[in-house]
Amino acid sequence: MPKPTLILLPGQLCDAALWESQRQALSDIADIRIGDLTLDDSVAAMAGRTLADAPARFALCGLSLGGYAAFEIIRRAPERVTHLGLMNTSARADAEEQSERRERSVRAARIGAFKGVTPRFLPTIIHPDHAADPAMAKIVLEMTERVGRVAFESQQHAAIGRPDSRALLPSIRCPVLVVGGREDRVAPPPLQQEIATGIAGARLEILETCGHLAPIEQADEVNRLMRAWLS
């Protein structure tokens, strides 16, 4: 019997390296595919591309920007998603000040050589303990540099233009896992709590010593939670 498909959607400035631990740990129970969110400048286009490449039924998990795209997939084709995972994300649309910050970051990225997340900025993305770990810092810094400026600009525009998904939450009926980081400064725990409260039966886990990249920062715990969620 073929294994079910699990589609993993990375966050902004992230690629398949975000999910490498999950790919290794869960490949015995799922056919794992990593989506590419670097090619489009709207969550609608990201969702459409993902659905076009997906099988008829699949499990879906998205982090941050990947979560925004996951909400759009649910909005378009809820019957195709068997399980939904939402990590370090928000159901809300951008507030005006958030959009302004994103626009400023796009303008700044056009000046000089774009290097992704810099070491100085790293502690605002991952927990300071992890930012001080050379091996973990290397994974994140190299990943963000690989994604590059062009994709960063497109992703910022997608985030700015995303719809508010809070009204969608009560309609979600599949098994849902919501994961956040206790020290996530990008999508803090109240945003994860809001998602889990809005979806009947959702499981909420806020991970300690964890910033915005739970699949890397707390890989073993995320693997354990995802295995239980898929079972």
# chains A, B, ... in the order shown; residues from 1 in each chain; ligands from 1
>>> closest_atom_pairs(of="segment 42-101 of chain A", to="segment 196-205 of chain A", cutoff="12 Å", atoms="only C-alpha atoms", output="CSV")
residue,atom,partner,partner_atom,distance
A:His83,CA,A:Ala202,CA,10.7
A:Leu84,CA,A:Ala202,CA,9.5
A:Gly85,CA,A:Ala202,CA,9.6
A:Leu86,CA,A:Ala196,CA,9.4
A:Met87,CA,A:Glu205,CA,9.5
A:Asn88,CA,A:Glu205,CA,10.6
A:Thr89,CA,A:Ala196,CA,11.4
A:Ser90,CA,A:Ala196,CA,10.6
A:Ala91,CA,A:Gly198,CA,9.7
>>> write_last_selection(atoms="C-alpha atoms", output="tab-separated table (two decimals), in the first residue's frame")
chain	number	residue	atom	x	y	z
A	83	HIS	CA	-4.19	16.63	7.88
A	84	LEU	CA	-3.13	20.25	8.44
A	85	GLY	CA	-0.04	21.44	10.30
A	86	LEU	CA	0.55	25.12	11.05
A	87	MET	CA	3.85	26.21	12.57
A	88	ASN	CA	5.12	29.62	13.68
A	89	THR	CA	2.43	31.36	11.64
A	90	SER	CA	-0.60	33.61	11.90
A	91	ALA	CA	-4.16	33.58	10.62
>>> closest_atom_pairs(of="segment 114-170 of chain A", to="segment 217-228 of chain A", cutoff="8 Å", atoms="only C-alpha atoms", output="Markdown table")
| residue | atom | partner | partner_atom | distance |
| --- | --- | --- | --- | --- |
| A:Ile126 | CA | A:Glu217 | CA | 7.4 |
| A:His127 | CA | A:Glu217 | CA | 7.9 |
| A:His130 | CA | A:Glu217 | CA | 7.0 |
| A:Met136 | CA | A:Glu217 | CA | 7.8 |
>>> write_last_selection(atoms="C-alpha atoms", output="CSV table (one decimal), in the first residue's frame")
chain,number,residue,atom,x,y,z
A,126,ILE,CA,15.8,31.8,16.3
A,127,HIS,CA,16.3,31.5,20.0
A,130,HIS,CA,20.5,28.5,18.9
A,136,MET,CA,22.6,25.7,13.7
>>> closest_atom_pairs(of="segment 144-184 of chain A", to="segment 55-62 of chain A", cutoff="10 Å", atoms="only C-alpha atoms", output="Markdown table")
| residue | atom | partner | partner_atom | distance |
| --- | --- | --- | --- | --- |
| A:Cys174 | CA | A:Ala59 | CA | 9.5 |
| A:Pro175 | CA | A:Ala59 | CA | 9.6 |
| A:Val176 | CA | A:Cys61 | CA | 9.4 |
| A:Leu177 | CA | A:Cys61 | CA | 8.7 |
| A:Val178 | CA | A:Cys61 | CA | 9.5 |
>>> atom_distance(atom1="atom CA of Glu96 of chain A", atom2="atom CA of Thr38 of chain A")
23.8 Å
>>> closest_residue(among="A:Arg182, A:Arg120, A:Arg23, A:His212", to="Thr5 of chain A", atoms="only C-alpha atoms")
A:Arg23
>>> atom_distance(atom1="atom CA of Ala159 of chain A", atom2="atom CA of Ile34 of chain A")
19.5 Å
>>> atom_distance(atom1="atom CA of Leu63 of chain A", atom2="atom CA of Pro10 of chain A")
5.6 Å
>>> residues_around(residues="Ile32 of chain A", least_positions_apart="3", cutoff="9 Å", atoms="only C-alpha atoms", output="list in words")
Pro4, Thr5, Leu6, Ile7, Leu8, Gln22, Arg23, Leu26 and Ser27 of chain A
>>> write_last_selection(atoms="C-alpha atoms", output="mmCIF file, in the first residue's frame")
data_model
loop_
_atom_site.group_PDB
_atom_site.id
_atom_site.type_symbol
_atom_site.label_atom_id
_atom_site.label_comp_id
_atom_site.auth_asym_id
_atom_site.auth_seq_id
_atom_site.Cartn_x
_atom_site.Cartn_y
_atom_site.Cartn_z
ATOM 1 C CA PRO A 4 0.322 9.007 2.110
ATOM 2 C CA THR A 5 1.855 12.219 0.775
ATOM 3 C CA LEU A 6 2.987 14.936 3.156
ATOM 4 C CA ILE A 7 3.672 18.340 1.586
ATOM 5 C CA LEU A 8 5.877 20.670 3.639
ATOM 6 C CA GLN A 22 11.428 15.840 9.282
ATOM 7 C CA ARG A 23 12.229 14.406 5.868
ATOM 8 C CA LEU A 26 9.096 10.711 8.825
ATOM 9 C CA SER A 27 9.926 9.175 5.450
#
>>> select_by_dssp(residues="segment 140-195 of chain A", states="helix (DSSP H, G or I)", output="mmCIF file with N, CA and C atoms, in the first residue's frame")
data_model
loop_
_atom_site.group_PDB
_atom_site.id
_atom_site.type_symbol
_atom_site.label_atom_id
_atom_site.label_comp_id
_atom_site.auth_asym_id
_atom_site.auth_seq_id
_atom_site.Cartn_x
_atom_site.Cartn_y
_atom_site.Cartn_z
ATOM 1 N N VAL A 140 20.893 28.015 9.082
ATOM 2 C CA VAL A 140 19.943 29.093 8.817
ATOM 3 C C VAL A 140 20.547 30.150 7.903
ATOM 4 N N LEU A 141 21.767 30.575 8.184
ATOM 5 C CA LEU A 141 22.393 31.623 7.384
ATOM 6 C C LEU A 141 22.582 31.192 5.934
ATOM 7 N N GLU A 142 23.039 29.967 5.729
ATOM 8 C CA GLU A 142 23.249 29.484 4.359
ATOM 9 C C GLU A 142 21.917 29.316 3.628
ATOM 10 N N MET A 143 20.898 28.866 4.334
ATOM 11 C CA MET A 143 19.581 28.694 3.723
ATOM 12 C C MET A 143 19.029 30.029 3.235
ATOM 13 N N THR A 144 19.103 31.059 4.068
ATOM 14 C CA THR A 144 18.542 32.352 3.673
ATOM 15 C C THR A 144 19.327 32.979 2.526
ATOM 16 N N GLU A 145 20.627 32.752 2.492
ATOM 17 C CA GLU A 145 21.423 33.290 1.391
ATOM 18 C C GLU A 145 21.099 32.565 0.087
ATOM 19 N N ARG A 146 20.857 31.249 0.158
ATOM 20 C CA ARG A 146 20.500 30.491 -1.054
ATOM 21 C C ARG A 146 19.206 31.018 -1.669
ATOM 22 N N VAL A 147 18.232 31.329 -0.838
ATOM 23 C CA VAL A 147 16.935 31.774 -1.363
ATOM 24 C C VAL A 147 17.095 33.087 -2.123
ATOM 25 N N GLY A 148 17.835 34.029 -1.560
ATOM 26 C CA GLY A 148 18.228 35.215 -2.312
ATOM 27 C C GLY A 148 17.234 36.366 -2.328
ATOM 28 N N ARG A 149 17.705 37.481 -2.893
ATOM 29 C CA ARG A 149 16.956 38.736 -2.841
ATOM 30 C C ARG A 149 15.676 38.706 -3.670
ATOM 31 N N VAL A 150 15.729 38.156 -4.879
ATOM 32 C CA VAL A 150 14.551 38.183 -5.756
ATOM 33 C C VAL A 150 13.389 37.451 -5.106
ATOM 34 N N ALA A 151 13.649 36.268 -4.583
ATOM 35 C CA ALA A 151 12.602 35.510 -3.914
ATOM 36 C C ALA A 151 12.142 36.219 -2.644
ATOM 37 N N PHE A 152 13.085 36.824 -1.919
ATOM 38 C CA PHE A 152 12.731 37.566 -0.712
ATOM 39 C C PHE A 152 11.728 38.670 -1.030
ATOM 40 N N GLU A 153 11.966 39.423 -2.082
ATOM 41 C CA GLU A 153 11.047 40.485 -2.457
ATOM 42 C C GLU A 153 9.668 39.919 -2.809
ATOM 43 N N SER A 154 9.640 38.857 -3.588
ATOM 44 C CA SER A 154 8.359 38.242 -3.967
ATOM 45 C C SER A 154 7.617 37.746 -2.731
ATOM 46 N N GLN A 155 8.349 37.136 -1.810
ATOM 47 C CA GLN A 155 7.721 36.608 -0.602
ATOM 48 C C GLN A 155 7.183 37.719 0.294
ATOM 49 N N GLN A 156 7.905 38.827 0.384
ATOM 50 C CA GLN A 156 7.398 39.956 1.164
ATOM 51 C C GLN A 156 6.104 40.493 0.557
ATOM 52 N N HIS A 157 6.050 40.581 -0.753
ATOM 53 C CA HIS A 157 4.827 41.053 -1.397
ATOM 54 C C HIS A 157 3.679 40.068 -1.178
ATOM 55 N N ALA A 158 3.974 38.773 -1.188
ATOM 56 C CA ALA A 158 2.940 37.772 -0.922
ATOM 57 C C ALA A 158 2.404 37.919 0.499
ATOM 58 N N ALA A 159 3.297 38.136 1.447
ATOM 59 C CA ALA A 159 2.877 38.291 2.842
ATOM 60 C C ALA A 159 2.035 39.549 3.023
ATOM 61 N N ILE A 160 2.421 40.638 2.370
ATOM 62 C CA ILE A 160 1.662 41.882 2.465
ATOM 63 C C ILE A 160 0.245 41.690 1.918
ATOM 64 N N GLY A 161 0.137 40.976 0.816
ATOM 65 C CA GLY A 161 -1.150 40.845 0.140
ATOM 66 C C GLY A 161 -2.032 39.708 0.623
ATOM 67 N N ARG A 166 -8.818 34.300 9.622
ATOM 68 C CA ARG A 166 -9.483 33.938 10.879
ATOM 69 C C ARG A 166 -10.898 33.415 10.664
ATOM 70 N N ALA A 167 -11.614 33.962 9.699
ATOM 71 C CA ALA A 167 -12.975 33.485 9.446
ATOM 72 C C ALA A 167 -12.993 32.073 8.879
ATOM 73 N N LEU A 168 -11.866 31.635 8.336
ATOM 74 C CA LEU A 168 -11.758 30.288 7.766
ATOM 75 C C LEU A 168 -11.620 29.214 8.840
ATOM 76 N N LEU A 169 -11.087 29.584 9.990
ATOM 77 C CA LEU A 169 -10.705 28.594 11.000
ATOM 78 C C LEU A 169 -11.841 27.653 11.411
ATOM 79 N N PRO A 170 -13.048 28.129 11.702
ATOM 80 C CA PRO A 170 -14.099 27.201 12.160
ATOM 81 C C PRO A 170 -14.512 26.161 11.131
ATOM 82 N N SER A 171 -14.204 26.403 9.864
ATOM 83 C CA SER A 171 -14.603 25.462 8.808
ATOM 84 C C SER A 171 -13.627 24.309 8.641
ATOM 85 N N PRO A 189 3.466 33.314 20.575
ATOM 86 C CA PRO A 189 2.483 32.297 20.974
ATOM 87 C C PRO A 189 1.020 32.715 20.915
ATOM 88 N N PRO A 190 0.648 33.960 21.257
ATOM 89 C CA PRO A 190 -0.778 34.291 21.152
ATOM 90 C C PRO A 190 -1.370 34.089 19.763
ATOM 91 N N LEU A 191 -0.553 34.228 18.731
ATOM 92 C CA LEU A 191 -1.050 33.999 17.372
ATOM 93 C C LEU A 191 -1.319 32.521 17.121
ATOM 94 N N GLN A 192 -0.490 31.650 17.702
ATOM 95 C CA GLN A 192 -0.746 30.213 17.573
ATOM 96 C C GLN A 192 -1.976 29.823 18.398
ATOM 97 N N GLN A 193 -2.093 30.417 19.567
ATOM 98 C CA GLN A 193 -3.251 30.140 20.417
ATOM 99 C C GLN A 193 -4.545 30.556 19.735
ATOM 100 N N GLU A 194 -4.510 31.682 19.032
ATOM 101 C CA GLU A 194 -5.698 32.143 18.309
ATOM 102 C C GLU A 194 -6.104 31.136 17.234
ATOM 103 N N ILE A 195 -5.131 30.600 16.508
ATOM 104 C CA ILE A 195 -5.431 29.604 15.473
ATOM 105 C C ILE A 195 -6.049 28.357 16.100
#
